[in-house]
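> Below you'll find upload-v7.txt; it's compact mmCIF, C-alpha atoms.
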# COMPACT_ATOMS: atom_id res chain seq x y z
CA MET A 1 -57.30 -149.49 -130.41
CA ALA A 2 -55.89 -147.94 -127.24
CA MET A 3 -58.39 -146.17 -124.99
CA ARG A 4 -57.50 -142.48 -125.02
CA PHE A 5 -58.86 -139.35 -123.32
CA ASP A 6 -57.06 -136.68 -125.32
CA GLY A 7 -58.88 -133.36 -125.00
CA ARG A 8 -61.14 -134.62 -122.22
CA VAL A 9 -61.37 -132.82 -118.87
CA ALA A 10 -61.86 -134.90 -115.74
CA ILE A 11 -62.50 -134.13 -112.08
CA VAL A 12 -61.50 -136.83 -109.62
CA THR A 13 -62.51 -136.26 -106.01
CA GLY A 14 -60.47 -137.75 -103.20
CA ALA A 15 -57.55 -137.93 -105.63
CA GLY A 16 -54.75 -137.15 -103.19
CA GLY A 17 -54.10 -140.83 -102.48
CA GLY A 18 -55.34 -144.39 -102.83
CA LEU A 19 -57.87 -145.14 -105.52
CA GLY A 20 -58.43 -141.52 -106.48
CA ARG A 21 -54.73 -140.97 -107.10
CA GLU A 22 -54.52 -144.07 -109.29
CA HIS A 23 -57.64 -143.04 -111.23
CA ALA A 24 -56.21 -139.55 -111.82
CA LEU A 25 -52.80 -140.83 -112.89
CA ALA A 26 -54.38 -143.34 -115.25
CA LEU A 27 -56.61 -140.72 -116.86
CA ALA A 28 -53.72 -138.27 -117.25
CA ALA A 29 -51.46 -140.97 -118.72
CA ARG A 30 -54.03 -141.45 -121.47
CA GLY A 31 -54.37 -137.78 -122.30
CA ALA A 32 -56.99 -136.33 -119.96
CA LYS A 33 -56.59 -133.00 -118.20
CA VAL A 34 -57.37 -133.67 -114.55
CA VAL A 35 -58.56 -131.69 -111.55
CA ILE A 36 -57.08 -133.32 -108.46
CA ASN A 37 -59.63 -132.64 -105.74
CA ASP A 38 -58.75 -133.57 -102.17
CA LEU A 39 -59.52 -131.91 -98.87
CA GLY A 40 -56.47 -133.63 -97.43
CA GLY A 41 -58.19 -134.66 -94.23
CA ALA A 42 -57.74 -137.74 -92.09
CA ARG A 43 -59.63 -140.94 -92.82
CA ASP A 44 -62.48 -139.81 -90.56
CA GLY A 45 -62.75 -136.47 -92.40
CA THR A 46 -61.02 -134.29 -89.84
CA GLY A 47 -58.28 -131.81 -90.69
CA GLY A 48 -57.08 -130.78 -94.13
CA SER A 49 -53.95 -130.22 -96.22
CA SER A 50 -53.21 -129.50 -99.88
CA ALA A 51 -49.94 -131.44 -99.85
CA ALA A 52 -51.29 -134.76 -101.13
CA ALA A 53 -53.23 -133.22 -104.03
CA GLU A 54 -50.29 -131.04 -105.02
CA ALA A 55 -48.00 -134.09 -105.04
CA VAL A 56 -50.29 -135.87 -107.50
CA VAL A 57 -50.38 -132.77 -109.71
CA GLU A 58 -46.58 -132.73 -109.75
CA GLU A 59 -46.51 -136.42 -110.73
CA ILE A 60 -48.83 -135.72 -113.65
CA LYS A 61 -46.92 -132.66 -114.79
CA ALA A 62 -43.59 -134.49 -114.55
CA ALA A 63 -45.00 -137.10 -116.92
CA GLY A 64 -46.04 -134.39 -119.39
CA GLY A 65 -49.69 -134.12 -118.42
CA GLU A 66 -51.93 -131.27 -117.32
CA ALA A 67 -53.53 -131.00 -113.89
CA PHE A 68 -54.30 -128.63 -111.04
CA ALA A 69 -55.15 -129.20 -107.40
CA ASN A 70 -58.32 -128.16 -105.63
CA GLY A 71 -59.00 -128.50 -101.91
CA ALA A 72 -62.78 -128.07 -101.85
CA SER A 73 -64.75 -130.23 -99.47
CA VAL A 74 -67.34 -132.12 -101.49
CA THR A 75 -69.83 -131.31 -98.72
CA ASP A 76 -69.56 -127.61 -99.59
CA ALA A 77 -71.74 -127.05 -102.68
CA GLU A 78 -70.48 -123.51 -103.23
CA ALA A 79 -66.83 -124.58 -103.10
CA VAL A 80 -67.59 -127.47 -105.46
CA GLN A 81 -69.22 -125.07 -107.93
CA ASP A 82 -66.12 -122.85 -107.73
CA MET A 83 -63.97 -125.91 -108.56
CA VAL A 84 -66.07 -126.71 -111.62
CA ASP A 85 -66.00 -123.06 -112.69
CA GLN A 86 -62.19 -123.12 -112.35
CA ALA A 87 -61.97 -126.22 -114.55
CA ILE A 88 -64.18 -124.59 -117.19
CA ALA A 89 -62.20 -121.35 -117.05
CA THR A 90 -58.96 -123.30 -117.46
CA TRP A 91 -59.91 -125.96 -119.99
CA GLY A 92 -63.34 -125.02 -121.32
CA ARG A 93 -65.54 -127.79 -119.96
CA VAL A 94 -65.85 -130.88 -117.77
CA ASP A 95 -66.41 -134.21 -119.53
CA ILE A 96 -65.74 -136.71 -116.76
CA LEU A 97 -66.59 -136.73 -113.06
CA VAL A 98 -65.28 -139.44 -110.74
CA ASN A 99 -67.02 -139.23 -107.36
CA ASN A 100 -64.42 -140.97 -105.22
CA ALA A 101 -64.06 -138.84 -102.05
CA GLY A 102 -64.96 -140.69 -98.88
CA VAL A 103 -64.51 -141.07 -95.15
CA LEU A 104 -64.97 -143.80 -92.57
CA ARG A 105 -66.46 -143.60 -89.10
CA ASP A 106 -67.02 -147.26 -88.38
CA LYS A 107 -68.88 -148.45 -85.28
CA THR A 108 -71.71 -150.84 -84.62
CA PHE A 109 -75.07 -149.14 -84.96
CA ALA A 110 -75.62 -149.47 -81.20
CA LYS A 111 -72.50 -147.37 -80.53
CA MET A 112 -72.72 -144.98 -83.48
CA THR A 113 -73.81 -141.40 -82.95
CA LEU A 114 -76.28 -139.77 -85.30
CA ASP A 115 -73.66 -137.13 -86.07
CA ASP A 116 -71.28 -139.82 -87.34
CA PHE A 117 -74.06 -141.33 -89.42
CA ARG A 118 -75.00 -137.98 -90.95
CA PHE A 119 -71.39 -137.00 -91.65
CA VAL A 120 -70.63 -140.17 -93.61
CA MET A 121 -73.87 -139.74 -95.56
CA ASP A 122 -72.98 -136.09 -96.25
CA VAL A 123 -69.54 -136.90 -97.63
CA HIS A 124 -70.38 -139.94 -99.73
CA LEU A 125 -73.93 -139.23 -100.87
CA MET A 126 -74.34 -135.45 -100.73
CA GLY A 127 -70.72 -135.00 -101.81
CA ALA A 128 -71.50 -136.91 -104.99
CA VAL A 129 -74.76 -135.01 -105.39
CA ASN A 130 -73.00 -131.65 -105.03
CA CYS A 131 -70.33 -132.52 -107.57
CA THR A 132 -72.77 -134.04 -110.02
CA LYS A 133 -75.14 -131.09 -109.78
CA ALA A 134 -72.26 -128.70 -110.52
CA VAL A 135 -71.36 -130.47 -113.80
CA TRP A 136 -74.80 -131.69 -114.90
CA ASP A 137 -76.08 -128.68 -116.84
CA GLY A 138 -72.79 -128.29 -118.71
CA MET A 139 -72.84 -131.93 -119.72
CA ARG A 140 -76.44 -131.61 -120.90
CA GLU A 141 -75.58 -128.55 -122.98
CA ARG A 142 -72.66 -130.34 -124.65
CA ASN A 143 -74.54 -133.64 -125.00
CA TYR A 144 -71.70 -135.55 -123.42
CA GLY A 145 -70.80 -136.69 -119.94
CA ARG A 146 -69.34 -139.62 -118.06
CA ILE A 147 -69.96 -139.90 -114.31
CA VAL A 148 -68.90 -142.62 -111.90
CA MET A 149 -70.11 -143.10 -108.34
CA THR A 150 -67.88 -145.09 -106.01
CA THR A 151 -70.14 -147.61 -104.31
CA SER A 152 -69.00 -150.54 -102.18
CA SER A 153 -69.67 -154.16 -101.35
CA SER A 154 -70.58 -152.81 -97.91
CA GLY A 155 -73.56 -151.08 -99.49
CA LEU A 156 -74.43 -153.81 -101.96
CA PHE A 157 -74.13 -156.72 -99.54
CA GLY A 158 -73.57 -155.31 -96.03
CA ASN A 159 -70.58 -155.26 -93.69
CA PHE A 160 -70.48 -155.38 -89.90
CA GLY A 161 -69.92 -152.00 -88.27
CA GLN A 162 -70.67 -149.95 -91.37
CA THR A 163 -74.35 -149.02 -91.30
CA ASN A 164 -73.55 -145.39 -92.16
CA TYR A 165 -71.05 -146.25 -94.90
CA GLY A 166 -73.22 -149.04 -96.31
CA ALA A 167 -76.32 -146.84 -96.39
CA ALA A 168 -74.43 -144.08 -98.20
CA LYS A 169 -72.88 -146.47 -100.71
CA MET A 170 -76.19 -148.12 -101.58
CA ALA A 171 -77.82 -144.69 -101.88
CA LEU A 172 -75.28 -143.91 -104.60
CA VAL A 173 -76.57 -146.89 -106.57
CA GLY A 174 -80.08 -145.46 -106.45
CA PHE A 175 -78.73 -142.05 -107.45
CA MET A 176 -76.94 -143.64 -110.41
CA GLN A 177 -79.98 -145.63 -111.53
CA THR A 178 -82.18 -142.57 -112.03
CA LEU A 179 -79.42 -140.24 -113.27
CA SER A 180 -78.57 -142.70 -116.02
CA ILE A 181 -82.19 -142.64 -117.19
CA GLU A 182 -82.40 -138.83 -117.07
CA GLY A 183 -79.03 -138.38 -118.78
CA ALA A 184 -79.54 -140.84 -121.63
CA LYS A 185 -80.90 -138.37 -124.19
CA ASN A 186 -77.83 -136.15 -123.70
CA ASP A 187 -75.31 -139.02 -123.84
CA ILE A 188 -74.51 -138.70 -120.15
CA ARG A 189 -73.57 -142.17 -118.98
CA VAL A 190 -73.61 -142.84 -115.26
CA ASN A 191 -72.15 -145.92 -113.60
CA CYS A 192 -70.99 -147.26 -110.24
CA LEU A 193 -67.63 -148.76 -109.35
CA ALA A 194 -67.41 -151.10 -106.35
CA PRO A 195 -63.69 -151.44 -105.59
CA THR A 196 -61.74 -153.74 -103.32
CA ALA A 197 -58.30 -152.25 -102.79
CA HIS A 198 -55.63 -151.75 -100.16
CA THR A 199 -55.72 -148.07 -99.25
CA ARG A 200 -55.78 -146.18 -95.97
CA MET A 201 -59.54 -146.80 -95.97
CA THR A 202 -58.93 -150.56 -95.67
CA GLU A 203 -55.71 -150.62 -93.66
CA ASP A 204 -57.46 -152.00 -90.56
CA LEU A 205 -58.41 -155.21 -92.36
CA GLY A 206 -54.96 -156.63 -91.63
CA ALA A 207 -54.81 -160.35 -92.25
CA ALA A 208 -58.48 -160.52 -93.26
CA LEU A 209 -57.48 -159.93 -96.89
CA PRO A 210 -54.25 -160.54 -98.86
CA LEU A 211 -53.55 -156.82 -99.06
CA GLU A 212 -50.45 -157.21 -101.21
CA ALA A 213 -52.72 -158.47 -104.03
CA LEU A 214 -55.14 -155.58 -103.72
CA GLY A 215 -53.27 -152.65 -105.20
CA PRO A 216 -55.58 -149.75 -106.13
CA GLU A 217 -53.92 -149.58 -109.56
CA LEU A 218 -55.64 -152.90 -110.35
CA VAL A 219 -59.05 -151.23 -110.02
CA SER A 220 -58.42 -148.20 -112.24
CA PRO A 221 -58.69 -150.06 -115.59
CA GLY A 222 -62.36 -150.59 -114.77
CA LEU A 223 -62.77 -146.90 -113.99
CA LEU A 224 -61.22 -145.98 -117.33
CA TYR A 225 -63.75 -148.12 -119.17
CA LEU A 226 -66.67 -146.63 -117.24
CA VAL A 227 -65.68 -143.09 -118.30
CA SER A 228 -64.63 -143.91 -121.87
CA GLU A 229 -66.37 -142.93 -125.11
CA ASP A 230 -67.85 -146.44 -125.34
CA ALA A 231 -68.83 -146.68 -121.68
CA PRO A 232 -71.97 -148.54 -120.65
CA THR A 233 -74.56 -146.86 -118.48
CA ARG A 234 -76.41 -148.08 -115.35
CA CYS A 235 -73.60 -150.54 -114.65
CA ILE A 236 -72.35 -151.61 -111.22
CA LEU A 237 -68.83 -152.83 -111.87
CA ALA A 238 -67.02 -154.61 -109.05
CA ALA A 239 -63.23 -154.66 -109.18
CA GLY A 240 -60.28 -155.86 -107.14
CA ALA A 241 -56.99 -157.76 -107.49
CA GLY A 242 -57.41 -157.71 -111.26
CA GLY A 243 -60.84 -159.33 -111.09
CA PHE A 244 -63.92 -157.65 -112.55
CA GLU A 245 -67.53 -158.61 -111.95
CA ARG A 246 -70.90 -157.01 -112.53
CA ALA A 247 -73.50 -156.65 -109.79
CA TYR A 248 -77.22 -156.28 -110.47
CA VAL A 249 -80.36 -155.27 -108.62
CA THR A 250 -82.82 -157.93 -109.73
CA LEU A 251 -86.48 -158.83 -109.36
CA THR A 252 -87.84 -162.37 -109.10
CA GLN A 253 -90.94 -163.49 -110.98
CA GLY A 254 -92.75 -163.95 -107.68
CA ILE A 255 -96.41 -164.83 -107.21
CA ARG A 256 -99.73 -163.08 -106.63
CA VAL A 257 -101.77 -163.51 -103.46
CA VAL A 258 -104.89 -161.65 -102.34
CA GLY A 259 -107.58 -162.13 -99.74
CA PRO A 260 -107.88 -162.11 -95.97
CA ASP A 261 -105.26 -164.85 -95.61
CA ALA A 262 -102.70 -163.07 -97.85
CA PRO A 263 -100.10 -162.77 -95.04
CA GLU A 264 -100.37 -166.51 -94.39
CA GLN A 265 -100.10 -167.25 -98.13
CA ILE A 266 -96.96 -165.10 -98.37
CA ALA A 267 -95.42 -167.00 -95.45
CA ALA A 268 -96.37 -170.36 -96.94
CA GLN A 269 -95.10 -169.50 -100.42
CA PHE A 270 -92.08 -167.38 -99.55
CA GLU A 271 -89.78 -169.92 -101.17
CA ALA A 272 -91.66 -169.46 -104.47
CA ILE A 273 -91.50 -165.67 -104.10
CA SER A 274 -87.74 -165.98 -103.57
CA ASP A 275 -87.14 -168.36 -106.49
CA ARG A 276 -84.52 -166.68 -108.72
CA ALA A 277 -85.42 -168.64 -111.86
CA GLY A 278 -86.39 -166.11 -114.50
CA GLU A 279 -85.39 -163.09 -112.42
CA VAL A 280 -85.07 -159.82 -114.33
CA VAL A 281 -83.19 -156.53 -114.15
CA PRO A 282 -85.93 -153.89 -114.53
CA GLU A 283 -85.19 -151.01 -116.87
CA SER A 284 -86.79 -148.59 -114.41
CA GLY A 285 -88.72 -148.55 -111.17
CA MET A 286 -91.97 -148.49 -113.13
CA ALA A 287 -91.23 -152.01 -114.36
CA GLN A 288 -92.00 -153.44 -110.92
CA GLY A 289 -95.50 -152.01 -111.05
CA VAL A 290 -95.99 -153.27 -114.61
CA ILE A 291 -95.03 -156.80 -113.54
CA GLU A 292 -97.36 -156.68 -110.56
CA LEU A 293 -100.27 -155.32 -112.59
CA GLY A 294 -99.60 -158.03 -115.15
CA LYS A 295 -100.16 -160.65 -112.47
CA ALA A 296 -103.46 -159.00 -111.51
CA GLN A 297 -104.65 -158.82 -115.12
CA LYS A 298 -103.71 -162.45 -115.71
CA ALA A 299 -105.64 -163.47 -112.60
CA HIS A 300 -108.78 -161.75 -113.93
CA SER A 301 -108.54 -162.89 -117.55
Taking this structure as input, can you express it in the form of structure tokens?

Amino acid sequence: MAMRFDGRVAIVTGAGGGLGREHALALAARGAKVVINDLGGARDGTGGSSAAAEAVVEEIKAAGGEAFANGASVTDAEAVQDMVDQAIATWGRVDILVNNAGVLRDKTFAKMTLDDFRFVMDVHLMGAVNCTKAVWDGMRERNYGRIVMTTSSSGLFGNFGQTNYGAAKMALVGFMQTLSIEGAKNDIRVNCLAPTAHTRMTEDLGAALPLEALGPELVSPGLLYLVSEDAPTRCILAAGAGGFERAYVTLTQGIRVVGPDAPEQIAAQFEAISDRAGEVVPESGMAQGVIELGKAQKAHS
């Protein structure tokens, strides 16, 4: 059965181009009404224009869909709330939120200013927080919601020159982990998408990647699944060039050491601590403590 979004209302941030545009077009093509949010700034977050967002709206309308543009900065909580209120006034609710807006201010940590670090954190992390907060109560009241955070391999695995971007993107994983737990009873499913795509955000990679194979439209099928009726929750889905993988935050079985020579024991047995045989994906942060207490109880039994 074809995946459809008829009657659903979606907000896609950063939807004026690149991945956001493809996500919005894909949602609209399958029946969703879409808010095209984009500040229209440069890649580093400076400036602003409504032209890109309006162009996407026109594409959707020309294809028979419904959409409107919104130029709120995701860093402005009041403007974000106004955007959500506008969506509710127009279409009655918000069912889907795709936190996709982002900026880059790449430099090595030695050369990076604290202002550039804070700004990237504000856009990626606090931008997602602002948007999610604005839709959260409505989703809880209707017992339905689908939210996606756009994370990155730079956050999951690191990337030279992107301490600010990587920190923000990994923070979104932590945000998703707890939100998915808190939203479960109201059928609010929260996931992360880690895309690899050729957009203006990756244009400097040049010959480092086969950019012609990395069209953003090849990522959007994964996004559609993550916001569908049958979506998973607490998933980190990696996507690029038509490939899809799942990333996990895992915990090894480890060992237990105590006593005055515990630091030396840890050093001597670090290979055993690192052994991935039998590693688990904890259902919550509390599980780590349960595992560690289990070791202590076993040692005293």
> Nearest to Leu172 of chain A: which of A:Leu293, A:Met139, A:Ala51, A:Met121 is it, counting all atoms listed in the file?
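The closest residue to Leu172 of chain A is A:Met121.
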> Using 7 Å as the limit and counting only C-alpha atoms, can you tabulate each residue of segment 80-158 of chain A that touches segment 13-27 of chain A, with its shortest atom-to-atom distance in Å and the two atoms involved, as JSON lines?

{"residue": "A:Val98", "atom": "CA", "partner": "A:Thr13", "partner_atom": "CA", "distance": 6.3}
{"residue": "A:Asn99", "atom": "CA", "partner": "A:Thr13", "partner_atom": "CA", "distance": 5.6}
{"residue": "A:Asn100", "atom": "CA", "partner": "A:Thr13", "partner_atom": "CA", "distance": 5.1}
{"residue": "A:Ala101", "atom": "CA", "partner": "A:Gly14", "partner_atom": "CA", "distance": 3.9}
{"residue": "A:Gly102", "atom": "CA", "partner": "A:Gly14", "partner_atom": "CA", "distance": 6.9}
> Could you check which of A:Leu114, A:Val12, A:Leu104, A:Ala167 is closest to Gly71 of chain A, using all atoms listed in the file?
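Closest residue, counting all atoms listed in the file: A:Val12.
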> Tell me which of A:Val103, A:Ala67, A:Ser284, A:Ala110 sits closest to Glu182 of chain A, counting all atoms listed in the file.
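Between A:Val103, A:Ala67, A:Ser284, A:Ala110, the residue approaching Glu182 of chain A most closely is A:Ser284.
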> Excluding Ala29 of chain A and any residue of its chain fewer than 2 positions from it, enumerate the residues within 12 Å of it, using all atoms listed in the file, and give them as a PyMOL selection string.
chain A and resi 2-6+22-27+31-34+59-67+220+224
> Quick one: of A:Asn159, A:Thr178, A:Ser154, A:Gln86, who's nearest to Ala194 of chain A, counting only C-alpha atoms?
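Nearest to Ala194 of chain A: A:Ser154.
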> Could you pull the residues within 9 Å of Phe109 of chain A, counting only C-alpha atoms, minus those fewer than 2 positions along the same chain, as a PyMOL selection string?
chain A and resi 106-107+111-113+161-164
> Deliver the residues from the most recent selection as a file, using C-alpha atoms, as a compact mmCIF listing (two decimals), in the coordinates of the input.

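After the write, again05.txt holds the following:
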# COMPACT_ATOMS: atom_id res chain seq x y z
CA ASP A 106 -67.02 -147.26 -88.38
CA LYS A 107 -68.88 -148.45 -85.28
CA LYS A 111 -72.50 -147.37 -80.53
CA MET A 112 -72.72 -144.98 -83.48
CA THR A 113 -73.81 -141.40 -82.95
CA GLY A 161 -69.92 -152.00 -88.27
CA GLN A 162 -70.67 -149.95 -91.37
CA THR A 163 -74.35 -149.02 -91.30
CA ASN A 164 -73.55 -145.39 -92.16
> Using only C-alpha atoms, which of A:Gln177, A:Asp122, A:Ala184, A:Pro221 sits nearest Arg30 of chain A?
A:Pro221
> At what distance in Å, to one decimal, does atom CA of Gln297 of chain A lie from atom CA of Gln265 of chain A?
19.5 Å
> What gap, in Å, lies between atom CA of Arg142 of chain A and atom CA of Ile188 of chain A?
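Calculated distance between atom CA of Arg142 of chain A and atom CA of Ile188 of chain A is 9.7 Å.
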> Report, in Å to a single decimal, how far apart atom CA of Trp91 of chain A and atom CA of Ser49 of chain A are.
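Atom CA of Ser49 of chain A sits 24.9 Å away from atom CA of Trp91 of chain A.
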> Pick out the closest residue to His124 of chain A from this set: A:Asn191, A:Ser152, A:Thr90, A:Ser228. Count only C-alpha atoms.
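Looking at the shortest contact to His124 of chain A, the residue is A:Ser152.
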